[in-house]
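Next up, protein05.cif (mmCIF, C-alpha atoms and all ligand atoms):
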```
data_query
#
loop_
_atom_site.group_PDB
_atom_site.id
_atom_site.type_symbol
_atom_site.label_atom_id
_atom_site.label_comp_id
_atom_site.auth_asym_id
_atom_site.auth_seq_id
_atom_site.Cartn_x
_atom_site.Cartn_y
_atom_site.Cartn_z
ATOM 1 C CA MET B 1 79.563 102.907 164.516
ATOM 2 C CA VAL B 2 80.275 99.180 164.771
ATOM 3 C CA LEU B 3 78.460 96.231 163.221
ATOM 4 C CA ALA B 4 79.397 92.620 163.985
ATOM 5 C CA HIS B 5 78.024 89.295 162.759
ATOM 6 C CA GLY B 6 78.212 85.667 163.854
ATOM 7 C CA GLY B 7 77.875 84.078 160.439
ATOM 8 C CA ALA B 8 75.377 83.220 157.733
ATOM 9 C CA ALA B 9 73.338 80.115 158.660
ATOM 10 C CA ASN B 10 74.174 80.512 162.339
ATOM 11 C CA ASP B 11 71.355 80.862 164.896
ATOM 12 C CA PRO B 12 70.183 84.492 165.347
ATOM 13 C CA ALA B 13 69.709 83.630 169.049
ATOM 14 C CA VAL B 14 73.474 84.061 169.511
ATOM 15 C CA SER B 15 73.286 87.754 168.564
ATOM 16 C CA ASP B 16 74.184 88.584 172.186
ATOM 17 C CA GLY B 17 77.716 87.476 171.251
ATOM 18 C CA CYS B 18 77.695 89.985 168.382
ATOM 19 C CA GLN B 19 76.515 92.728 170.751
ATOM 20 C CA ALA B 20 79.413 91.866 173.106
ATOM 21 C CA ALA B 21 81.768 92.148 170.124
ATOM 22 C CA CYS B 22 80.362 95.601 169.241
ATOM 23 C CA GLN B 23 80.830 96.739 172.841
ATOM 24 C CA ALA B 24 84.467 95.540 172.802
ATOM 25 C CA ALA B 25 85.077 97.604 169.672
ATOM 26 C CA LEU B 26 83.425 100.688 171.189
ATOM 27 C CA ALA B 27 85.522 100.244 174.359
ATOM 28 C CA ALA B 28 88.687 100.021 172.233
ATOM 29 C CA LEU B 29 87.725 103.227 170.397
ATOM 30 C CA ALA B 30 87.039 104.944 173.746
ATOM 31 C CA ASP B 31 90.530 103.875 174.865
ATOM 32 C CA GLY B 32 92.050 105.616 171.857
ATOM 33 C CA ALA B 33 92.363 102.687 169.437
ATOM 34 C CA GLY B 34 91.920 103.346 165.727
ATOM 35 C CA ALA B 35 89.195 101.763 163.600
ATOM 36 C CA LEU B 36 91.438 98.791 162.663
ATOM 37 C CA ASP B 37 92.225 97.759 166.235
ATOM 38 C CA ALA B 38 88.593 98.271 167.205
ATOM 39 C CA ALA B 39 87.549 95.832 164.449
ATOM 40 C CA VAL B 40 90.172 93.362 165.712
ATOM 41 C CA ALA B 41 88.844 93.732 169.286
ATOM 42 C CA ALA B 42 85.353 92.859 168.063
ATOM 43 C CA VAL B 43 86.518 89.789 166.155
ATOM 44 C CA VAL B 44 88.603 88.513 169.098
ATOM 45 C CA VAL B 45 85.372 88.386 171.149
ATOM 46 C CA LEU B 46 83.655 86.440 168.372
ATOM 47 C CA GLU B 47 86.625 84.056 167.980
ATOM 48 C CA ASP B 48 86.511 83.327 171.717
ATOM 49 C CA ASP B 49 82.759 82.641 171.577
ATOM 50 C CA GLU B 50 82.404 78.874 171.092
ATOM 51 C CA ARG B 51 79.041 79.329 169.379
ATOM 52 C CA MET B 52 80.723 80.858 166.330
ATOM 53 C CA ASN B 53 82.732 79.181 163.572
ATOM 54 C CA ALA B 54 85.987 81.079 164.147
ATOM 55 C CA GLY B 55 88.846 80.624 166.608
ATOM 56 C CA THR B 56 87.597 78.367 169.418
ATOM 57 C CA GLY B 57 84.672 76.324 168.111
ATOM 58 C CA SER B 58 85.794 76.336 164.477
ATOM 59 C CA THR B 59 84.295 73.830 162.080
ATOM 60 C CA LEU B 60 86.305 70.643 161.520
ATOM 61 C CA ARG B 61 87.469 69.781 158.033
ATOM 62 C CA LEU B 62 86.800 66.486 156.293
ATOM 63 C CA ASP B 63 89.837 64.882 157.945
ATOM 64 C CA GLY B 64 88.880 66.259 161.391
ATOM 65 C CA SER B 65 91.562 68.989 161.376
ATOM 66 C CA ILE B 66 90.950 72.708 162.029
ATOM 67 C CA GLN B 67 92.522 75.360 159.799
ATOM 68 C CA THR B 68 91.558 78.983 160.145
ATOM 69 C CA ASP B 69 91.604 82.042 157.865
ATOM 70 C CA ALA B 70 91.437 85.690 159.023
ATOM 71 C CA SER B 71 91.927 89.170 157.610
ATOM 72 C CA VAL B 72 92.029 92.832 158.581
ATOM 73 C CA MET B 73 91.726 95.837 156.285
ATOM 74 C CA ASP B 74 91.504 99.609 156.286
ATOM 75 C CA ALA B 75 91.876 102.172 153.514
ATOM 76 C CA ARG B 76 95.676 102.068 153.894
ATOM 77 C CA GLY B 77 96.444 98.368 154.090
ATOM 78 C CA PHE B 78 95.537 94.721 154.384
ATOM 79 C CA GLY B 79 96.816 91.669 156.279
ATOM 80 C CA ALA B 80 95.626 88.065 156.254
ATOM 81 C CA VAL B 81 96.417 84.495 157.213
ATOM 82 C CA ALA B 82 95.127 81.226 155.795
ATOM 83 C CA GLY B 83 95.404 77.583 156.778
ATOM 84 C CA LEU B 84 96.573 78.569 160.262
ATOM 85 C CA GLU B 85 96.537 75.821 162.903
ATOM 86 C CA GLY B 86 96.360 75.919 166.690
ATOM 87 C CA ILE B 87 96.426 79.671 167.331
ATOM 88 C CA LYS B 88 93.711 81.051 169.614
ATOM 89 C CA ASN B 89 93.018 84.323 167.802
ATOM 90 C CA PRO B 90 93.823 84.146 164.086
ATOM 91 C CA VAL B 91 92.705 87.765 163.619
ATOM 92 C CA ARG B 92 95.639 88.894 165.786
ATOM 93 C CA VAL B 93 98.009 87.122 163.389
ATOM 94 C CA ALA B 94 96.304 88.847 160.432
ATOM 95 C CA ARG B 95 96.825 92.159 162.281
ATOM 96 C CA ALA B 96 100.520 91.303 162.613
ATOM 97 C CA VAL B 97 100.752 90.510 158.880
ATOM 98 C CA TYR B 98 99.237 93.962 158.198
ATOM 99 C CA GLN B 99 102.371 95.442 159.786
ATOM 100 C CA THR B 100 104.750 93.471 157.542
ATOM 101 C CA PRO B 101 105.480 94.172 153.856
ATOM 102 C CA HIS B 102 103.385 91.068 153.043
ATOM 103 C CA ARG B 103 99.647 90.730 152.590
ATOM 104 C CA LEU B 104 98.867 87.020 153.059
ATOM 105 C CA VAL B 105 100.851 84.451 155.042
ATOM 106 C CA VAL B 106 99.699 80.821 155.051
ATOM 107 C CA GLY B 107 100.095 77.558 156.932
ATOM 108 C CA ARG B 108 103.381 76.852 158.709
ATOM 109 C CA GLY B 109 104.671 80.388 158.142
ATOM 110 C CA ALA B 110 101.579 81.957 159.665
ATOM 111 C CA ARG B 111 101.852 79.711 162.714
ATOM 112 C CA GLU B 112 105.541 80.450 163.089
ATOM 113 C CA LEU B 113 104.846 84.198 162.940
ATOM 114 C CA ALA B 114 102.200 83.816 165.653
ATOM 115 C CA LEU B 115 104.569 81.835 167.895
ATOM 116 C CA ARG B 116 107.406 84.324 167.406
ATOM 117 C CA LEU B 117 105.012 87.077 168.471
ATOM 118 C CA ALA B 118 104.054 84.980 171.522
ATOM 119 C CA LEU B 119 100.401 84.868 170.470
ATOM 120 C CA ALA B 120 98.453 82.272 172.429
ATOM 121 C CA GLU B 121 98.189 78.694 171.192
ATOM 122 C CA ALA B 122 94.965 76.759 171.726
ATOM 123 C CA ASP B 123 93.127 73.583 170.859
ATOM 124 C CA LEU B 124 90.299 75.185 168.878
ATOM 125 C CA SER B 125 88.087 72.110 168.771
ATOM 126 C CA THR B 126 85.120 71.967 171.105
ATOM 127 C CA ALA B 127 82.793 69.121 172.053
ATOM 128 C CA ARG B 128 79.991 70.927 170.201
ATOM 129 C CA ALA B 129 82.016 71.242 166.971
ATOM 130 C CA ARG B 130 83.183 67.619 167.187
ATOM 131 C CA GLU B 131 79.609 66.383 167.713
ATOM 132 C CA LYS B 132 78.357 68.467 164.783
ATOM 133 C CA HIS B 133 81.150 67.081 162.599
ATOM 134 C CA ALA B 134 80.401 63.482 163.596
ATOM 135 C CA ALA B 135 76.681 63.943 162.917
ATOM 136 C CA ARG B 136 77.324 65.467 159.503
ATOM 137 C CA MET B 137 79.819 62.766 158.591
ATOM 138 C CA ALA B 138 77.233 60.165 159.545
ATOM 139 C CA THR B 139 74.799 61.692 157.021
ATOM 140 C CA LEU B 140 77.439 61.073 154.350
ATOM 141 C CA GLY B 141 77.650 57.386 155.149
ATOM 142 C CA GLY B 142 80.891 57.117 157.174
ATOM 143 C CA GLY B 143 84.427 56.382 155.966
ATOM 144 C CA VAL B 144 83.820 59.372 153.825
ATOM 145 C CA PHE B 145 87.247 60.898 153.541
ATOM 146 C CA ALA B 146 88.533 57.748 151.880
ATOM 147 C CA ALA B 147 85.388 57.399 149.795
ATOM 148 C CA LEU B 148 85.730 60.964 148.516
ATOM 149 C CA TRP B 149 88.524 60.016 146.159
ATOM 150 C CA GLN B 150 86.524 57.181 144.615
ATOM 151 C CA ASP B 151 83.232 59.005 144.369
ATOM 152 C CA VAL B 152 82.152 61.557 141.796
ATOM 153 C CA PRO B 153 83.085 64.778 143.644
ATOM 154 C CA GLU B 154 79.985 66.765 142.615
ATOM 155 C CA VAL B 155 77.726 64.057 143.985
ATOM 156 C CA PHE B 156 79.683 64.020 147.225
ATOM 157 C CA TRP B 157 79.549 67.779 147.814
ATOM 158 C CA LYS B 158 75.908 67.968 146.784
ATOM 159 C CA LYS B 159 75.153 65.455 149.520
ATOM 160 C CA ALA B 160 77.284 67.487 151.927
ATOM 161 C CA ALA B 161 75.415 70.694 151.081
ATOM 162 C CA GLN B 162 72.126 68.918 151.806
ATOM 163 C CA ALA B 163 73.467 68.112 155.295
ATOM 164 C CA GLY B 164 73.115 71.880 155.858
ATOM 165 C CA GLY B 165 74.785 74.627 157.902
ATOM 166 C CA ALA B 166 77.549 75.162 155.362
ATOM 167 C CA CYS B 167 79.212 78.127 157.026
ATOM 168 C CA ASP B 168 79.212 80.699 159.798
ATOM 169 C CA THR B 169 82.246 83.029 159.551
ATOM 170 C CA VAL B 170 82.480 86.062 161.883
ATOM 171 C CA GLY B 171 83.262 89.682 161.050
ATOM 172 C CA ALA B 172 83.011 93.326 162.031
ATOM 173 C CA VAL B 173 83.020 96.731 160.334
ATOM 174 C CA VAL B 174 83.872 99.981 162.093
ATOM 175 C CA ARG B 175 83.574 103.708 161.393
ATOM 176 C CA ALA B 176 85.643 105.666 163.931
ATOM 177 C CA ALA B 177 84.871 109.204 165.084
ATOM 178 C CA ASP B 178 87.563 110.560 162.737
ATOM 179 C CA GLY B 179 85.652 109.084 159.782
ATOM 180 C CA THR B 180 88.109 106.255 159.087
ATOM 181 C CA PHE B 181 86.830 102.782 158.257
ATOM 182 C CA ALA B 182 88.111 99.274 159.015
ATOM 183 C CA ALA B 183 86.983 95.660 158.836
ATOM 184 C CA ALA B 184 88.107 92.312 160.228
ATOM 185 C CA ALA B 185 86.934 88.756 159.589
ATOM 186 C CA SER B 186 87.775 85.251 160.785
ATOM 187 C CA THR B 187 86.608 81.730 160.003
ATOM 188 C CA GLY B 188 87.121 78.013 160.446
ATOM 189 C CA GLY B 189 85.914 77.680 156.847
ATOM 190 C CA ILE B 190 82.948 75.769 155.535
ATOM 191 C CA TRP B 191 81.667 72.347 156.513
ATOM 192 C CA CYS B 192 82.964 69.488 154.369
ATOM 193 C CA ALA B 193 86.109 71.344 153.290
ATOM 194 C CA LEU B 194 89.280 69.620 152.181
ATOM 195 C CA PRO B 195 92.344 70.317 154.322
ATOM 196 C CA GLY B 196 94.134 73.223 152.652
ATOM 197 C CA ARG B 197 90.964 74.717 151.184
ATOM 198 C CA VAL B 198 90.914 78.532 151.479
ATOM 199 C CA GLY B 199 87.712 80.593 151.244
ATOM 200 C CA ASP B 200 86.888 84.254 150.754
ATOM 201 C CA VAL B 201 87.974 85.670 154.130
ATOM 202 C CA PRO B 202 91.665 86.322 153.332
ATOM 203 C CA ILE B 203 90.902 87.639 149.820
ATOM 204 C CA PRO B 204 90.422 91.425 149.545
ATOM 205 C CA GLY B 205 87.360 92.309 147.492
ATOM 206 C CA ALA B 206 85.853 88.857 148.168
ATOM 207 C CA GLY B 207 85.195 88.461 151.924
ATOM 208 C CA ILE B 208 86.404 91.905 152.997
ATOM 209 C CA GLU B 209 86.771 95.363 151.458
ATOM 210 C CA VAL B 210 87.544 98.816 152.808
ATOM 211 C CA GLY B 211 87.937 102.035 150.850
ATOM 212 C CA ASP B 212 86.981 105.684 150.841
ATOM 213 C CA ALA B 213 83.249 104.932 150.849
ATOM 214 C CA GLY B 214 83.202 102.499 153.776
ATOM 215 C CA ALA B 215 83.904 98.969 155.015
ATOM 216 C CA VAL B 216 82.264 95.659 154.064
ATOM 217 C CA VAL B 217 82.525 92.043 155.282
ATOM 218 C CA ALA B 218 80.833 88.927 153.934
ATOM 219 C CA THR B 219 79.891 85.546 155.374
ATOM 220 C CA GLY B 220 78.721 82.387 153.676
ATOM 221 C CA VAL B 221 80.034 80.002 151.078
ATOM 222 C CA GLY B 222 83.415 81.444 150.196
ATOM 223 C CA GLU B 223 83.631 79.979 146.718
ATOM 224 C CA VAL B 224 80.530 81.963 145.680
ATOM 225 C CA ILE B 225 81.532 85.130 147.542
ATOM 226 C CA TRP B 226 84.972 85.017 145.920
ATOM 227 C CA ARG B 227 83.652 84.401 142.403
ATOM 228 C CA GLU B 228 81.198 87.297 142.728
ATOM 229 C CA HIS B 229 83.793 89.673 144.285
ATOM 230 C CA LEU B 230 80.969 90.417 146.644
ATOM 231 C CA CYS B 231 82.499 92.932 149.060
ATOM 232 C CA ALA B 232 84.190 94.861 146.228
ATOM 233 C CA ARG B 233 80.823 95.042 144.489
ATOM 234 C CA VAL B 234 79.126 96.462 147.590
ATOM 235 C CA HIS B 235 81.925 98.983 148.061
ATOM 236 C CA GLN B 236 81.718 100.043 144.415
ATOM 237 C CA ALA B 237 77.992 100.676 144.869
ATOM 238 C CA MET B 238 78.717 102.793 147.949
ATOM 239 C CA MET B 239 81.328 104.729 145.915
ATOM 240 C CA ARG B 240 78.521 105.573 143.488
ATOM 241 C CA GLY B 241 76.551 107.018 146.413
ATOM 242 C CA VAL B 242 74.308 104.032 147.176
ATOM 243 C CA PRO B 243 73.704 103.920 150.984
ATOM 244 C CA ALA B 244 75.195 100.915 152.843
ATOM 245 C CA GLN B 245 71.837 99.273 153.588
ATOM 246 C CA ARG B 246 70.658 99.543 149.982
ATOM 247 C CA ALA B 247 74.037 98.311 148.699
ATOM 248 C CA VAL B 248 73.962 95.101 150.792
ATOM 249 C CA ASP B 249 70.262 94.517 150.028
ATOM 250 C CA GLN B 250 70.985 94.763 146.312
ATOM 251 C CA ALA B 251 73.988 92.401 146.511
ATOM 252 C CA ILE B 252 71.981 89.793 148.434
ATOM 253 C CA ALA B 253 69.103 90.092 145.951
ATOM 254 C CA ASP B 254 71.588 89.459 143.112
ATOM 255 C CA ILE B 255 73.117 86.433 144.877
ATOM 256 C CA THR B 256 69.686 85.015 145.651
ATOM 257 C CA ARG B 257 68.909 85.131 141.932
ATOM 258 C CA SER B 258 72.231 83.680 140.763
ATOM 259 C CA HIS B 259 72.761 81.120 143.594
ATOM 260 C CA PRO B 260 69.342 80.408 145.160
ATOM 261 C CA ASP B 261 70.605 77.600 147.444
ATOM 262 C CA VAL B 262 73.605 79.357 148.948
ATOM 263 C CA ASP B 263 73.842 81.048 152.383
ATOM 264 C CA VAL B 264 75.445 84.504 152.204
ATOM 265 C CA GLY B 265 75.384 87.519 154.542
ATOM 266 C CA LEU B 266 76.854 91.019 154.381
ATOM 267 C CA LEU B 267 77.588 93.901 156.752
ATOM 268 C CA ALA B 268 78.587 97.371 155.584
ATOM 269 C CA VAL B 269 79.194 100.771 157.093
ATOM 270 C CA ASP B 270 79.400 104.059 155.174
ATOM 271 C CA ARG B 271 79.759 107.747 156.078
ATOM 272 C CA THR B 272 76.204 108.054 157.344
ATOM 273 C CA GLY B 273 75.009 104.631 158.444
ATOM 274 C CA GLY B 274 75.331 100.893 158.306
ATOM 275 C CA GLY B 275 73.479 97.933 156.892
ATOM 276 C CA ALA B 276 73.106 94.160 157.185
ATOM 277 C CA ALA B 277 71.507 91.690 154.783
ATOM 278 C CA VAL B 278 71.383 87.915 154.544
ATOM 279 C CA THR B 279 69.861 85.265 152.301
ATOM 280 C CA ARG B 280 68.339 83.355 155.229
ATOM 281 C CA GLU B 281 69.393 84.050 158.813
ATOM 282 C CA MET B 282 72.423 85.430 160.638
ATOM 283 C CA PRO B 283 73.132 86.713 164.156
ATOM 284 C CA TRP B 284 74.373 90.301 164.071
ATOM 285 C CA ALA B 285 74.355 93.513 166.088
ATOM 286 C CA ARG B 286 75.047 97.225 165.710
ATOM 287 C CA ALA B 287 76.205 99.762 168.275
ATOM 288 C CA GLU B 288 77.347 103.350 168.360
ATOM 289 C CA ARG B 289 78.377 105.776 170.980
HETATM 290 N N1 LIG R 1 83.099 82.427 154.305
HETATM 291 C C1 LIG R 1 84.042 81.564 154.895
HETATM 292 C C2 LIG R 1 84.569 80.537 154.005
HETATM 293 O O1 LIG R 1 83.976 80.212 152.979
HETATM 294 O O2 LIG R 1 85.618 80.005 154.284
#
```
How does this structure look as structure tokens?
Amino acid sequence: MVLAHGGAANDPAVSDGCQAACQAALAALADGAGALDAAVAAVVVLEDDERMNAGTGSTLRLDGSIQTDASVMDARGFGAVAGLEGIKNPVRVARAVYQTPHRLVVGRGARELALRLALAEADLSTARAREKHAARMATLGGGVFAALWQDVPEVFWKKAAQAGGACDTVGAVVRAADGTFAAAASTGGIWCALPGRVGDVPIPGAGIEVGDAGAVVATGVGEVIWREHLCARVHQAMMRGVPAQRAVDQAIADITRSHPDVDVGLLAVDRTGGGAAVTREMPWARAER
């Protein structure tokens, strides 16, 4: 079974992209790939889909730069990158980190690893992302990056949050025929982020978690997801025997109570099924052979 999402606060009309991602994962499994590489295959499709905030089409940061985070995980290991620039498929770099003794490689080192492995470079900015950035910056009054340092930060980010569409990370969870689980996630981060800001995606237990009970990925405002250890919490519930759908429903109900204004979504797969839940809206799809 495969579930893939195109990000909390993204338009559910782009769920066809999530279905294409699920099909890529199923095709990888049919070709003999394990759960981890199937999850990577799904996320590559989502990163290449300009309608999603990951890989090509990533959200621009306050200074107009693009920095991406990605992670992969199964019950045996974890690999992640953060603050990666100019690499087409960040999830492939995270997959490479998984094979090293390290767990998280950031910035220049992550880019150098990608280049040494001959992974494709790309300009990840699209006309659509640049237009969205310009429109959002206009709502903040222009010249904003300079103004940020003079303004009261909470006031600034409150205004930014009101501009809407904070985040739309992508991710996938997989249960292979042999019963193994894996997850992968990738993001351009949230709107109005400082250069160098890192969210939940490359943090195990926050934006991604895989263990004996199943696999979980999150999407939404990383600072909240991280603080709540959201994916670890869902996995712990599944370890106690709570089915995947009920576990994600419960976690979203909790977040809605504690952070009523924040967009968050979750996907999970367990031994018998899968589940998706979101505070507002999120494109996603599920497929199984
Ligand atoms: N959930 C993606 C981020 O906050 O960066």
Computed gap from CA of Cys18 (chain B) to CA of Ala4 (chain B) is 5.4 Å
ask   = Would you name the residues within 9 Å of ligand LIG 1 (chain R), counting all atoms listed in the file, and put them as an NGL selection string?
value = :B and (7-8 or 68-69 or 166-170 or 186-191 or 193 or 197-202 or 207 or 218-226 or 264)
Notebook entry, point to check: Which neighbours of region 38-49 of chain B fall inside 10 Å, counting all atoms listed in the file, when residues of the same chain fewer than 4 positions from it are skipped, and could you give them as a ChimeraX atom specification?
Noted result: /B:2-6,14,17-34,53-58,70-74,88-92,94-95,124,169-176,181-188
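Nearest residue to Val210 (chain B), choosing from B:Glu288, B:Gly64, B:Phe78, B:Met52 and counting all atoms listed in the file: B:Phe78.
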Enumerate, as a list in words, the residues matched when the PyMOL selection byres (((chain B and resi 133) around 9) and not hetatm) is run on the file above.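 Evaluating the PyMOL selection byres (((chain B and resi 133) around 9) and not hetatm) on these coordinates yields Thr59, Leu60, Arg61, Leu62, Gly64, Arg128, Ala129, Arg130, Glu131, Lys132, Ala134, Ala135, Arg136, Met137, Ala138, Trp191 and Cys192 of chain B.
Comparing the minimum interatomic distances between Ala237 (chain B) and each of B:Asp261, B:Asp212, B:Glu85, B:Glu281, counting only C-alpha atoms, we find that B:Asp212 sits nearest.
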Please enumerate the residues selected by the PyMOL selection byres (((chain B and resi 104-119) around 7) and not hetatm) when evaluated against the supplied file, formatted as a ChimeraX atom specification. /B:79-85,93,102-103,120-121
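The two atoms in question, CA of Val217 (chain B) and CA of Ala268 (chain B), are spaced 6.6 Å apart.
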Taking the file as shown, find all residues satisfying the PyMOL selection byres (((chain B and resi 247-254) around 7) and not hetatm) and write them as a list in words.
->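 Evaluating the PyMOL selection byres (((chain B and resi 247-254) around 7) and not hetatm) on this file yields Val234, Ala237, Met238, Val242, Pro243, Ala244, Gln245, Arg246, Ile255, Thr256, Arg257, Ser258, Leu266, Gly275, Ala276, Ala277, Val278 and Thr279 of chain B.
CA of Ala35 (chain B) to CA of Ala75 (chain B) spans 10.4 Å [interatomic distance, one decimal].
Among the candidates B:Cys231, B:His259, B:Arg289, B:Pro101, the one nearest to Ala177 (chain B) when counting all atoms listed in the file is B:Arg289.
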Shell of 6 Å around Ser15 (chain B), only C-alpha atoms, local chain residues under 3 positions omitted, as number ranges by chain
B: 12, 18, 283-284
Shortest contact to Gly214 (chain B), candidates B:Gln67, B:Ala96, B:Met1, B:Ala9, atoms counted all atoms listed in the file, goes to B:Met1
Save region 270-278 of chain B from what I just supplied, as a CSV table (one decimal), in the first residue's frame, atoms limited to all heavy atoms.
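The resulting selection-v3.csv:
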```
chain,number,residue,atom,x,y,z
B,270,ASP,N,-0.3,1.3,8.4
B,270,ASP,CA,0.1,0.3,9.4
B,270,ASP,C,0.0,-1.1,8.8
B,270,ASP,O,-0.1,-1.3,7.6
B,270,ASP,CB,-0.8,0.4,10.7
B,270,ASP,CG,-2.3,0.2,10.4
B,270,ASP,OD1,-2.6,-0.3,9.3
B,270,ASP,OD2,-3.1,0.6,11.2
B,271,ARG,N,-0.1,-2.2,9.6
B,271,ARG,CA,-0.1,-3.5,9.1
B,271,ARG,C,-1.3,-3.9,8.3
B,271,ARG,O,-1.3,-4.7,7.4
B,271,ARG,CB,0.1,-4.6,10.2
B,271,ARG,CG,1.4,-4.4,10.9
B,271,ARG,CD,2.1,-5.6,11.3
B,271,ARG,NE,3.5,-5.3,11.7
B,271,ARG,CZ,4.5,-5.2,10.8
B,271,ARG,NH1,4.3,-5.5,9.6
B,271,ARG,NH2,5.7,-4.9,11.2
B,272,THR,N,-2.4,-3.2,8.6
B,272,THR,CA,-3.7,-3.6,7.9
B,272,THR,C,-4.3,-2.5,7.1
B,272,THR,O,-5.2,-2.8,6.3
B,272,THR,CB,-4.7,-4.0,9.0
B,272,THR,OG1,-4.9,-2.9,9.9
B,272,THR,CG2,-4.3,-5.2,9.8
B,273,GLY,N,-3.8,-1.3,7.2
B,273,GLY,CA,-4.5,-0.2,6.4
B,273,GLY,C,-3.7,1.1,6.4
B,273,GLY,O,-2.5,1.1,6.7
B,274,GLY,N,-4.4,2.1,6.0
B,274,GLY,CA,-3.7,3.4,5.9
B,274,GLY,C,-4.7,4.5,6.2
B,274,GLY,O,-5.9,4.3,6.2
B,275,GLY,N,-4.2,5.7,6.6
B,275,GLY,CA,-5.1,6.8,6.9
B,275,GLY,C,-4.5,8.1,6.5
B,275,GLY,O,-3.3,8.3,6.4
B,276,ALA,N,-5.4,9.1,6.3
B,276,ALA,CA,-5.0,10.5,6.1
B,276,ALA,C,-5.9,11.4,6.9
B,276,ALA,O,-7.1,11.1,7.0
B,276,ALA,CB,-5.1,10.8,4.6
B,277,ALA,N,-5.4,12.5,7.4
B,277,ALA,CA,-6.2,13.5,8.1
B,277,ALA,C,-5.5,14.8,7.9
B,277,ALA,O,-4.3,14.9,7.8
B,277,ALA,CB,-6.3,13.1,9.6
B,278,VAL,N,-6.3,15.9,8.0
B,278,VAL,CA,-5.8,17.2,7.8
B,278,VAL,C,-6.7,18.2,8.5
B,278,VAL,O,-7.9,18.0,8.7
B,278,VAL,CB,-5.7,17.5,6.2
B,278,VAL,CG1,-7.1,17.5,5.6
B,278,VAL,CG2,-5.0,18.8,6.0
```
